[in-house]
Amino acid sequence: MTKSAQPLVIQSNVSAPKPMAVDGDGIYITLEDPITKERTTLIDGSTGAAVGAVGHKDPEIIEAMKHAAETSVYNYPGAISNYPSEELAEFLVQNSPKDAFAAVLITGSGSESVENALKLAKQYQDEIGQTQRYKFVSRKKTYHGYTMGCLSMGHNPRRTRFDKFLGDPKTFLKTEAVYPYRDLKEGETLEQYKDRLVKDVEDTFIANDPSTIVGWLGETVVGSTFGTCPPVPGYLEGVREVCHKYGILFMLDEVMSGIGRCGTFHAWEQYLPENQGPDIQTIGKTLGSGYVTIAAVLVSPKVKNALTDGSNYIIGAQTYHQHAFNCQVALAVQKKVKRDNLIANMKEQGNYLGAQLKEKLLGKSKIVGDVRGSGGFWSLELVKDTKTKEPFAADLKMHGVVGKQISKNGATSMPCPGTVDNKIGDHVLFAPSFIITREQTDKLIDIVVKSVFEVEEQIGA
Ligand SMILES: Cc1ncc(COP(=O)(O)O)c(C=O)c1O
């Protein structure tokens, strides 16, 4: 690419060249300036949008990819199946709590998984004779993917331009976000807050004729929209109970927070009893650890049985579903994660990362109002005033300012805007690979803390 050349690949800023990913090694990623050819190696603190599990260029996974290239052939999933997808599905079912899931639909991305989850949910209701159900309920301030169904389910700035041709808001209803840092009222206990949130879900159902609602979908731990916010105790259990009271499916989106990211195979295992999982769940990202484009929908026995006892037929089968090569590679990733206890490592190092960021920044930094997260999924919420929680003006793009400084000091992060209300507010998210060592975690902590204080100085906070 020459100095005057514009990139041909469209992504975010259309005409501006971006750093090119050219190499990687474990938790490190090497970027190259496409014009000057200057290279920088950074700790991959966010692994893109929380994709990394086994780290970059893992020799075992490269070997598995070579083997997969030699042994897999393409098949159209509507007509022919393959062994690698069956093996991956079996791994996912067997490594979930007993009887949580009975079938798996394997897709190419998180958005595809959410779209397919909605369709499976609608088909479930039809198969059991509830054909009048057509509405979905999700939450404010969530991201469920970029396709039209996903944007209709979501509530974030990425949907604004398309609002008029997204699903009718009376069909795609929204309940309150779980955001205690801002929404817990003065004097309110977490228990009271949880009750208020669950009541909001039930009130939304009642106000919109619960017999017409297919399912409720929420991220177990909220990801990019307002920054790695875990549910308050009892919330998911409460919502599950209310869903089932009205015959509504309880669905979780763990594309970003699941498959080890939060320190357990499924994030919900930390918030729900083992035998009270979701009816349908989406996963993605760390499933393939960035080596292949793969995601999935996990289906509970209840939903699978309704399908098999009913029409036993799904009109779906997108061209690249259950892709044999992708499935083989994802299975190699997951087997390595399991053999090397990498989820336990992520939990330990990740919770250390969170605890250290809290200790070093909360009450000491003038611009970090909250540090929240779980396992290997953490965010800093940036504010102008830590006492009043007043956010920075949106045009200051403070998330970007802090993100740039972190990058200058040697790590990647995921800086995000719109934290408070989809318009104002800033947070910076971290989600390293599960292989990170204590020493590397300490390095990441040093870089983040140093960067925050440097930005404070730059802006005269
Ligand atoms: C919770 C959640 N759902 C769905 C998606 C969409 O996944 P993808 O970008 O793979 O389509 C994302 C992506 O960030 C996500 O965080």
# chains A, B, ... in the order shown; residues from 1 in each chain; ligands from 1

call {"tool": "residues_around", "arguments": {"residues": "Ser113 in chain A", "least_positions_apart": "6", "cutoff": "10 Å", "atoms": "only C-alpha atoms", "output": "ChimeraX atom specification"}}
result
/A:105-107,119,144-145,150,253,255,281-284,294-298

call {"tool": "write_last_selection", "arguments": {"atoms": "N, CA and C atoms", "output": "PDB file, in the first residue's frame"}}
result
ATOM      1  N   LEU A 105     -26.277 -26.360  16.999  1.00  0.00           N
ATOM      2  CA  LEU A 105     -26.284 -25.900  15.605  1.00  0.00           C
ATOM      3  C   LEU A 105     -25.003 -25.093  15.425  1.00  0.00           C
ATOM      4  N   ILE A 106     -24.188 -25.470  14.451  1.00  0.00           N
ATOM      5  CA  ILE A 106     -22.874 -24.822  14.324  1.00  0.00           C
ATOM      6  C   ILE A 106     -22.875 -23.832  13.156  1.00  0.00           C
ATOM      7  N   THR A 107     -22.525 -22.597  13.465  1.00  0.00           N
ATOM      8  CA  THR A 107     -22.611 -21.518  12.472  1.00  0.00           C
ATOM      9  C   THR A 107     -21.225 -20.919  12.219  1.00  0.00           C
ATOM     10  N   LYS A 119     -34.752 -18.113  15.390  1.00  0.00           N
ATOM     11  CA  LYS A 119     -35.569 -18.970  14.503  1.00  0.00           C
ATOM     12  C   LYS A 119     -35.879 -20.300  15.174  1.00  0.00           C
ATOM     13  N   HIS A 144     -26.188  -7.758  20.207  1.00  0.00           N
ATOM     14  CA  HIS A 144     -26.383  -9.179  19.903  1.00  0.00           C
ATOM     15  C   HIS A 144     -25.929  -9.516  18.488  1.00  0.00           C
ATOM     16  N   GLY A 145     -25.195  -8.591  17.838  1.00  0.00           N
ATOM     17  CA  GLY A 145     -24.720  -8.874  16.489  1.00  0.00           C
ATOM     18  C   GLY A 145     -25.205  -7.832  15.509  1.00  0.00           C
ATOM     19  N   CYS A 150     -30.453  -9.499  14.641  1.00  0.00           N
ATOM     20  CA  CYS A 150     -29.612  -9.207  15.820  1.00  0.00           C
ATOM     21  C   CYS A 150     -29.725  -7.741  16.214  1.00  0.00           C
ATOM     22  N   ASP A 253     -27.238 -15.141  25.573  1.00  0.00           N
ATOM     23  CA  ASP A 253     -26.246 -14.880  24.534  1.00  0.00           C
ATOM     24  C   ASP A 253     -24.878 -14.837  25.213  1.00  0.00           C
ATOM     25  N   VAL A 255     -22.008 -15.234  23.376  1.00  0.00           N
ATOM     26  CA  VAL A 255     -21.030 -15.143  22.283  1.00  0.00           C
ATOM     27  C   VAL A 255     -19.732 -14.512  22.795  1.00  0.00           C
ATOM     28  N   GLN A 281     -28.910 -21.263  24.007  1.00  0.00           N
ATOM     29  CA  GLN A 281     -27.746 -20.400  24.304  1.00  0.00           C
ATOM     30  C   GLN A 281     -26.874 -20.245  23.064  1.00  0.00           C
ATOM     31  N   THR A 282     -26.354 -19.038  22.873  1.00  0.00           N
ATOM     32  CA  THR A 282     -25.414 -18.835  21.772  1.00  0.00           C
ATOM     33  C   THR A 282     -23.991 -18.741  22.333  1.00  0.00           C
ATOM     34  N   ILE A 283     -23.046 -19.219  21.538  1.00  0.00           N
ATOM     35  CA  ILE A 283     -21.615 -19.103  21.882  1.00  0.00           C
ATOM     36  C   ILE A 283     -20.845 -18.721  20.616  1.00  0.00           C
ATOM     37  N   GLY A 284     -19.615 -18.272  20.773  1.00  0.00           N
ATOM     38  CA  GLY A 284     -18.807 -17.902  19.598  1.00  0.00           C
ATOM     39  C   GLY A 284     -17.388 -17.599  20.031  1.00  0.00           C
ATOM     40  N   ILE A 294     -16.143 -19.488  13.661  1.00  0.00           N
ATOM     41  CA  ILE A 294     -17.088 -20.493  14.142  1.00  0.00           C
ATOM     42  C   ILE A 294     -17.841 -19.989  15.368  1.00  0.00           C
ATOM     43  N   ALA A 295     -19.085 -20.350  15.464  1.00  0.00           N
ATOM     44  CA  ALA A 295     -19.935 -20.023  16.614  1.00  0.00           C
ATOM     45  C   ALA A 295     -21.023 -21.099  16.641  1.00  0.00           C
ATOM     46  N   ALA A 296     -21.889 -21.060  17.636  1.00  0.00           N
ATOM     47  CA  ALA A 296     -22.880 -22.138  17.725  1.00  0.00           C
ATOM     48  C   ALA A 296     -24.095 -21.737  18.550  1.00  0.00           C
ATOM     49  N   VAL A 297     -25.140 -22.537  18.399  1.00  0.00           N
ATOM     50  CA  VAL A 297     -26.337 -22.414  19.240  1.00  0.00           C
ATOM     51  C   VAL A 297     -26.478 -23.732  19.987  1.00  0.00           C
ATOM     52  N   LEU A 298     -26.568 -23.647  21.312  1.00  0.00           N
ATOM     53  CA  LEU A 298     -26.749 -24.841  22.137  1.00  0.00           C
ATOM     54  C   LEU A 298     -28.222 -24.938  22.509  1.00  0.00           C
TER      55      LEU A 298
END

call {"tool": "residues_near_ligand", "arguments": {"ligand": "ligand 1", "cutoff": "7 Å", "atoms": "only C-alpha atoms and all ligand atoms", "output": "PyMOL selection string"}}
result
chain A and resi 49+109-112+114+143-146+219+223-224+253-256+284-285

call {"tool": "write_last_selection", "arguments": {"atoms": "N, CA and C atoms", "output": "PDB file, in the first residue's frame"}}
result
ATOM      1  N   ALA A  49     -12.086  -8.463  19.894  1.00  0.00           N
ATOM      2  CA  ALA A  49     -13.280  -8.302  20.732  1.00  0.00           C
ATOM      3  C   ALA A  49     -13.459  -9.570  21.561  1.00  0.00           C
ATOM      4  N   SER A 109     -20.608 -17.398  12.688  1.00  0.00           N
ATOM      5  CA  SER A 109     -20.363 -16.165  13.457  1.00  0.00           C
ATOM      6  C   SER A 109     -21.389 -16.026  14.570  1.00  0.00           C
ATOM      7  N   GLY A 110     -21.085 -15.146  15.512  1.00  0.00           N
ATOM      8  CA  GLY A 110     -22.000 -14.902  16.622  1.00  0.00           C
ATOM      9  C   GLY A 110     -23.337 -14.368  16.135  1.00  0.00           C
ATOM     10  N   SER A 111     -23.301 -13.454  15.146  1.00  0.00           N
ATOM     11  CA  SER A 111     -24.556 -12.893  14.628  1.00  0.00           C
ATOM     12  C   SER A 111     -25.421 -13.998  14.032  1.00  0.00           C
ATOM     13  N   GLU A 112     -24.795 -14.866  13.253  1.00  0.00           N
ATOM     14  CA  GLU A 112     -25.552 -15.991  12.671  1.00  0.00           C
ATOM     15  C   GLU A 112     -26.147 -16.860  13.772  1.00  0.00           C
ATOM     16  N   VAL A 114     -27.076 -15.906  16.821  1.00  0.00           N
ATOM     17  CA  VAL A 114     -28.234 -15.244  17.424  1.00  0.00           C
ATOM     18  C   VAL A 114     -29.436 -15.340  16.481  1.00  0.00           C
ATOM     19  N   TYR A 143     -25.679  -5.624  22.829  1.00  0.00           N
ATOM     20  CA  TYR A 143     -25.264  -5.921  21.461  1.00  0.00           C
ATOM     21  C   TYR A 143     -25.434  -7.413  21.244  1.00  0.00           C
ATOM     22  N   HIS A 144     -26.188  -7.758  20.207  1.00  0.00           N
ATOM     23  CA  HIS A 144     -26.383  -9.179  19.903  1.00  0.00           C
ATOM     24  C   HIS A 144     -25.929  -9.516  18.488  1.00  0.00           C
ATOM     25  N   GLY A 145     -25.195  -8.591  17.838  1.00  0.00           N
ATOM     26  CA  GLY A 145     -24.720  -8.874  16.489  1.00  0.00           C
ATOM     27  C   GLY A 145     -25.205  -7.832  15.509  1.00  0.00           C
ATOM     28  N   TYR A 146     -24.719  -7.934  14.265  1.00  0.00           N
ATOM     29  CA  TYR A 146     -24.896  -6.844  13.307  1.00  0.00           C
ATOM     30  C   TYR A 146     -25.875  -7.158  12.175  1.00  0.00           C
ATOM     31  N   GLU A 219     -27.532 -11.099  27.489  1.00  0.00           N
ATOM     32  CA  GLU A 219     -26.134 -11.512  27.636  1.00  0.00           C
ATOM     33  C   GLU A 219     -25.938 -11.866  29.107  1.00  0.00           C
ATOM     34  N   GLY A 223     -21.268  -7.390  27.424  1.00  0.00           N
ATOM     35  CA  GLY A 223     -19.934  -7.211  26.862  1.00  0.00           C
ATOM     36  C   GLY A 223     -19.608  -5.799  26.449  1.00  0.00           C
ATOM     37  N   SER A 224     -19.708  -5.533  25.153  1.00  0.00           N
ATOM     38  CA  SER A 224     -19.139  -4.299  24.618  1.00  0.00           C
ATOM     39  C   SER A 224     -19.980  -3.051  24.903  1.00  0.00           C
ATOM     40  N   ASP A 253     -27.238 -15.141  25.573  1.00  0.00           N
ATOM     41  CA  ASP A 253     -26.246 -14.880  24.534  1.00  0.00           C
ATOM     42  C   ASP A 253     -24.878 -14.837  25.213  1.00  0.00           C
ATOM     43  N   GLU A 254     -24.101 -15.886  25.009  1.00  0.00           N
ATOM     44  CA  GLU A 254     -22.747 -15.948  25.578  1.00  0.00           C
ATOM     45  C   GLU A 254     -21.692 -15.927  24.476  1.00  0.00           C
ATOM     46  N   VAL A 255     -22.008 -15.234  23.376  1.00  0.00           N
ATOM     47  CA  VAL A 255     -21.030 -15.143  22.283  1.00  0.00           C
ATOM     48  C   VAL A 255     -19.732 -14.512  22.795  1.00  0.00           C
ATOM     49  N   MET A 256     -19.871 -13.486  23.634  1.00  0.00           N
ATOM     50  CA  MET A 256     -18.666 -12.787  24.112  1.00  0.00           C
ATOM     51  C   MET A 256     -18.225 -13.262  25.504  1.00  0.00           C
ATOM     52  N   GLY A 284     -19.615 -18.272  20.773  1.00  0.00           N
ATOM     53  CA  GLY A 284     -18.807 -17.902  19.598  1.00  0.00           C
ATOM     54  C   GLY A 284     -17.388 -17.599  20.031  1.00  0.00           C
ATOM     55  N   LYS A 285     -16.799 -16.638  19.408  1.00  0.00           N
ATOM     56  CA  LYS A 285     -15.471 -16.089  19.746  1.00  0.00           C
ATOM     57  C   LYS A 285     -14.452 -17.116  20.243  1.00  0.00           C
TER      58      LYS A 285
END

call {"tool": "residues_around", "arguments": {"residues": "range 346-363 of chain A", "least_positions_apart": "6", "cutoff": "8 Å", "atoms": "only C-alpha atoms", "output": "count of residues only"}}
result
25

call {"tool": "closest_residue", "arguments": {"among": "A:Ala411, A:Val222, A:Val22, A:Ile206", "to": "Lys141 in chain A", "atoms": "only C-alpha atoms"}}
result
A:Val222

call {"tool": "atom_distance", "arguments": {"atom1": "CA of Gly24 in chain A", "atom2": "CA of Leu88 in chain A"}}
result
26.1 Å

call {"tool": "residues_around", "arguments": {"residues": "His155 in chain A", "least_positions_apart": "3", "cutoff": "9 Å", "atoms": "only C-alpha atoms", "output": "NGL selection string"}}
result
:A and (138-144 or 151-152 or 158-160 or 174 or 225 or 422)

call {"tool": "closest_atom_pairs", "arguments": {"of": "range 43-113 of chain A", "to": "range 320-339 of chain A", "cutoff": "8 Å", "atoms": "only C-alpha atoms", "output": "CSV"}}
result
residue,atom,partner,partner_atom,distance
A:Ala53,CA,A:Val337,CA,7.5
A:Val54,CA,A:Val333,CA,6.9
A:Ile61,CA,A:Ala332,CA,6.5
A:Ala64,CA,A:Val329,CA,6.2
A:Met65,CA,A:Val329,CA,5.9
A:Ala68,CA,A:Phe325,CA,5.5
A:Ala69,CA,A:Phe325,CA,6.5
A:Ser72,CA,A:Phe325,CA,5.6
A:Val73,CA,A:Ala324,CA,6.8
A:Tyr74,CA,A:Ala324,CA,6.7
A:Asn75,CA,A:His323,CA,7.5
A:Tyr76,CA,A:Tyr320,CA,7.5
A:Pro77,CA,A:His321,CA,6.3
A:Ser81,CA,A:Gln322,CA,8.0
A:Asn82,CA,A:Ala324,CA,6.4
A:Tyr83,CA,A:Ala324,CA,7.6
A:Pro84,CA,A:Gln328,CA,5.3
A:Ser85,CA,A:Cys327,CA,5.3
A:Glu87,CA,A:Leu331,CA,7.7
A:Leu88,CA,A:Leu331,CA,5.5
A:Phe91,CA,A:Leu331,CA,7.7
A:Leu105,CA,A:Gln322,CA,7.4
A:Ile106,CA,A:Gln322,CA,4.8
A:Thr107,CA,A:His321,CA,4.6
A:Gly108,CA,A:His321,CA,6.3

call {"tool": "atom_distance", "arguments": {"atom1": "CA of Asp395 in chain A", "atom2": "CA of Asn13 in chain A"}}
result
16.7 Å

call {"tool": "residues_around", "arguments": {"residues": "Pro432 in chain A", "least_positions_apart": "6", "cutoff": "7 Å", "atoms": "only C-alpha atoms", "output": "list of chain:residue names"}}
result
A:Asp44, A:Gly45, A:Ser46, A:Thr47, A:Gly52, A:Gly376

call {"tool": "residues_around", "arguments": {"residues": "Lys404 in chain A", "least_positions_apart": "4", "cutoff": "9 Å", "atoms": "only C-alpha atoms", "output": "NGL selection string"}}
result
:A and (399-400 or 408-409 or 412-413 or 415 or 451)

call {"tool": "residues_around", "arguments": {"residues": "Pro233 in chain A", "least_positions_apart": "2", "cutoff": "8 Å", "atoms": "only C-alpha atoms", "output": "number ranges by chain"}}
result
A: 190-191, 194, 231, 235-236, 271

call {"tool": "closest_residue", "arguments": {"among": "A:Val178, A:Val452, A:Ala102, A:Ile447", "to": "Val402 in chain A", "atoms": "only C-alpha atoms"}}
result
A:Val452

call {"tool": "atom_distance", "arguments": {"atom1": "CA of Thr286 in chain A", "atom2": "CA of Cys416 in chain A"}}
result
20.2 Å

call {"tool": "select_by_dssp", "arguments": {"residues": "range 207-407 of chain A", "states": "strand (DSSP E)", "output": "PyMOL selection string"}}
result
chain A and resi 213-219+249-254+280-283+295-299+368-374+377-382

call {"tool": "write_last_selection", "arguments": {"atoms": "N, CA and C atoms", "output": "JSON list (two decimals), in the first residue's frame"}}
result
[["chain", "number", "residue", "atom", "x", "y", "z"],
["A", 213, "ILE", "N", -45.47, -14.03, 23.34],
["A", 213, "ILE", "CA", -44.01, -13.84, 23.41],
["A", 213, "ILE", "C", -43.28, -15.18, 23.24],
["A", 214, "VAL", "N", -42.30, -15.21, 22.35],
["A", 214, "VAL", "CA", -41.52, -16.43, 22.07],
["A", 214, "VAL", "C", -40.45, -16.64, 23.15],
["A", 215, "GLY", "N", -39.62, -15.62, 23.35],
["A", 215, "GLY", "CA", -38.47, -15.81, 24.24],
["A", 215, "GLY", "C", -37.90, -14.50, 24.74],
["A", 216, "TRP", "N", -37.13, -14.61, 25.81],
["A", 216, "TRP", "CA", -36.36, -13.48, 26.37],
["A", 216, "TRP", "C", -34.89, -13.81, 26.15],
["A", 217, "LEU", "N", -34.12, -12.84, 25.69],
["A", 217, "LEU", "CA", -32.68, -13.07, 25.44],
["A", 217, "LEU", "C", -31.85, -12.01, 26.16],
["A", 218, "GLY", "N", -30.84, -12.45, 26.89],
["A", 218, "GLY", "CA", -29.92, -11.50, 27.53],
["A", 218, "GLY", "C", -28.50, -12.02, 27.49],
["A", 219, "GLU", "N", -27.53, -11.10, 27.49],
["A", 219, "GLU", "CA", -26.13, -11.51, 27.64],
["A", 219, "GLU", "C", -25.94, -11.87, 29.11],
["A", 249, "LEU", "N", -39.42, -18.76, 26.35],
["A", 249, "LEU", "CA", -38.09, -19.39, 26.42],
["A", 249, "LEU", "C", -37.09, -18.45, 27.07],
["A", 250, "PHE", "N", -36.24, -19.02, 27.92],
["A", 250, "PHE", "CA", -35.18, -18.26, 28.60],
["A", 250, "PHE", "C", -33.88, -18.50, 27.80],
["A", 251, "MET", "N", -33.40, -17.44, 27.16],
["A", 251, "MET", "CA", -32.27, -17.60, 26.22],
["A", 251, "MET", "C", -31.09, -16.71, 26.64],
["A", 252, "LEU", "N", -29.90, -17.26, 26.57],
["A", 252, "LEU", "CA", -28.71, -16.48, 26.93],
["A", 252, "LEU", "C", -27.77, -16.34, 25.73],
["A", 253, "ASP", "N", -27.24, -15.14, 25.57],
["A", 253, "ASP", "CA", -26.25, -14.88, 24.53],
["A", 253, "ASP", "C", -24.88, -14.84, 25.21],
["A", 254, "GLU", "N", -24.10, -15.89, 25.01],
["A", 254, "GLU", "CA", -22.75, -15.95, 25.58],
["A", 254, "GLU", "C", -21.69, -15.93, 24.48],
["A", 280, "ILE", "N", -32.06, -22.06, 25.38],
["A", 280, "ILE", "CA", -31.24, -21.92, 24.16],
["A", 280, "ILE", "C", -30.10, -20.97, 24.50],
["A", 281, "GLN", "N", -28.91, -21.26, 24.01],
["A", 281, "GLN", "CA", -27.75, -20.40, 24.30],
["A", 281, "GLN", "C", -26.87, -20.24, 23.06],
["A", 282, "THR", "N", -26.35, -19.04, 22.87],
["A", 282, "THR", "CA", -25.41, -18.83, 21.77],
["A", 282, "THR", "C", -23.99, -18.74, 22.33],
["A", 283, "ILE", "N", -23.05, -19.22, 21.54],
["A", 283, "ILE", "CA", -21.62, -19.10, 21.88],
["A", 283, "ILE", "C", -20.85, -18.72, 20.62],
["A", 295, "ALA", "N", -19.08, -20.35, 15.46],
["A", 295, "ALA", "CA", -19.94, -20.02, 16.61],
["A", 295, "ALA", "C", -21.02, -21.10, 16.64],
["A", 296, "ALA", "N", -21.89, -21.06, 17.64],
["A", 296, "ALA", "CA", -22.88, -22.14, 17.73],
["A", 296, "ALA", "C", -24.09, -21.74, 18.55],
["A", 297, "VAL", "N", -25.14, -22.54, 18.40],
["A", 297, "VAL", "CA", -26.34, -22.41, 19.24],
["A", 297, "VAL", "C", -26.48, -23.73, 19.99],
["A", 298, "LEU", "N", -26.57, -23.65, 21.31],
["A", 298, "LEU", "CA", -26.75, -24.84, 22.14],
["A", 298, "LEU", "C", -28.22, -24.94, 22.51],
["A", 299, "VAL", "N", -28.76, -26.14, 22.38],
["A", 299, "VAL", "CA", -30.20, -26.33, 22.52],
["A", 299, "VAL", "C", -30.47, -27.31, 23.67],
["A", 368, "VAL", "N", -11.22, 7.06, 36.56],
["A", 368, "VAL", "CA", -11.79, 5.70, 36.54],
["A", 368, "VAL", "C", -12.87, 5.62, 37.62],
["A", 369, "GLY", "N", -14.12, 5.53, 37.18],
["A", 369, "GLY", "CA", -15.23, 5.52, 38.12],
["A", 369, "GLY", "C", -15.56, 4.12, 38.60],
["A", 370, "ASP", "N", -15.36, 3.13, 37.72],
["A", 370, "ASP", "CA", -15.73, 1.76, 38.08],
["A", 370, "ASP", "C", -14.78, 0.79, 37.38],
["A", 371, "VAL", "N", -14.48, -0.29, 38.08],
["A", 371, "VAL", "CA", -13.75, -1.42, 37.49],
["A", 371, "VAL", "C", -14.65, -2.62, 37.71],
["A", 372, "ARG", "N", -15.09, -3.26, 36.62],
["A", 372, "ARG", "CA", -16.03, -4.38, 36.81],
["A", 372, "ARG", "C", -15.73, -5.50, 35.83],
["A", 373, "GLY", "N", -16.18, -6.68, 36.20],
["A", 373, "GLY", "CA", -15.97, -7.81, 35.30],
["A", 373, "GLY", "C", -15.98, -9.12, 36.04],
["A", 374, "SER", "N", -15.47, -10.14, 35.35],
["A", 374, "SER", "CA", -15.47, -11.49, 35.89],
["A", 374, "SER", "C", -14.47, -12.32, 35.11],
["A", 377, "PHE", "N", -12.55, -11.04, 31.83],
["A", 377, "PHE", "CA", -13.41, -10.08, 31.14],
["A", 377, "PHE", "C", -13.59, -8.87, 32.04],
["A", 378, "TRP", "N", -12.82, -7.79, 31.79],
["A", 378, "TRP", "CA", -12.82, -6.63, 32.69],
["A", 378, "TRP", "C", -12.92, -5.31, 31.93],
["A", 379, "SER", "N", -13.52, -4.32, 32.58],
["A", 379, "SER", "CA", -13.61, -2.98, 31.98],
["A", 379, "SER", "C", -13.36, -1.89, 33.01],
["A", 380, "LEU", "N", -12.85, -0.79, 32.49],
["A", 380, "LEU", "CA", -12.77, 0.45, 33.28],
["A", 380, "LEU", "C", -13.83, 1.39, 32.74],
["A", 381, "GLU", "N", -14.71, 1.90, 33.59],
["A", 381, "GLU", "CA", -15.62, 2.95, 33.13],
["A", 381, "GLU", "C", -14.97, 4.30, 33.45],
["A", 382, "LEU", "N", -14.84, 5.13, 32.42],
["A", 382, "LEU", "CA", -14.17, 6.42, 32.57],
["A", 382, "LEU", "C", -15.19, 7.52, 32.85]]

call {"tool": "decode", "arguments": {"residues": "range 197-231 of chain A", "atoms": "C-alpha atoms", "output": "compact mmCIF listing (two decimals), in the first residue's frame"}}
result
# COMPACT_ATOMS: atom_id res chain seq x y z
CA LEU A 197 -35.36 -5.69 37.51
CA VAL A 198 -37.19 -9.02 37.56
CA LYS A 199 -40.47 -7.16 38.11
CA ASP A 200 -39.68 -5.01 35.07
CA VAL A 201 -39.30 -8.20 33.00
CA GLU A 202 -42.61 -9.61 34.26
CA ASP A 203 -44.38 -6.25 33.83
CA THR A 204 -43.12 -6.08 30.24
CA PHE A 205 -44.43 -9.58 29.58
CA ILE A 206 -47.84 -8.76 31.11
CA ALA A 207 -48.18 -5.43 29.28
CA ASN A 208 -47.50 -7.13 25.95
CA ASP A 209 -49.67 -10.26 26.27
CA PRO A 210 -47.26 -12.97 27.44
CA SER A 211 -49.07 -15.59 25.35
CA THR A 212 -47.65 -13.86 22.24
CA ILE A 213 -44.01 -13.84 23.41
CA VAL A 214 -41.52 -16.43 22.07
CA GLY A 215 -38.47 -15.81 24.24
CA TRP A 216 -36.36 -13.48 26.37
CA LEU A 217 -32.68 -13.07 25.44
CA GLY A 218 -29.92 -11.50 27.53
CA GLU A 219 -26.13 -11.51 27.64
CA THR A 220 -25.10 -13.39 30.79
CA VAL A 221 -22.33 -10.86 31.39
CA VAL A 222 -22.83 -7.75 29.25
CA GLY A 223 -19.93 -7.21 26.86
CA SER A 224 -19.14 -4.30 24.62
CA THR A 225 -22.11 -1.95 25.13
CA PHE A 226 -21.39 -0.86 28.68
CA GLY A 227 -18.47 -2.97 29.73
CA THR A 228 -18.33 -6.47 31.25
CA CYS A 229 -21.14 -6.05 33.75
CA PRO A 230 -22.09 -9.29 35.58
CA PRO A 231 -25.72 -9.84 36.58
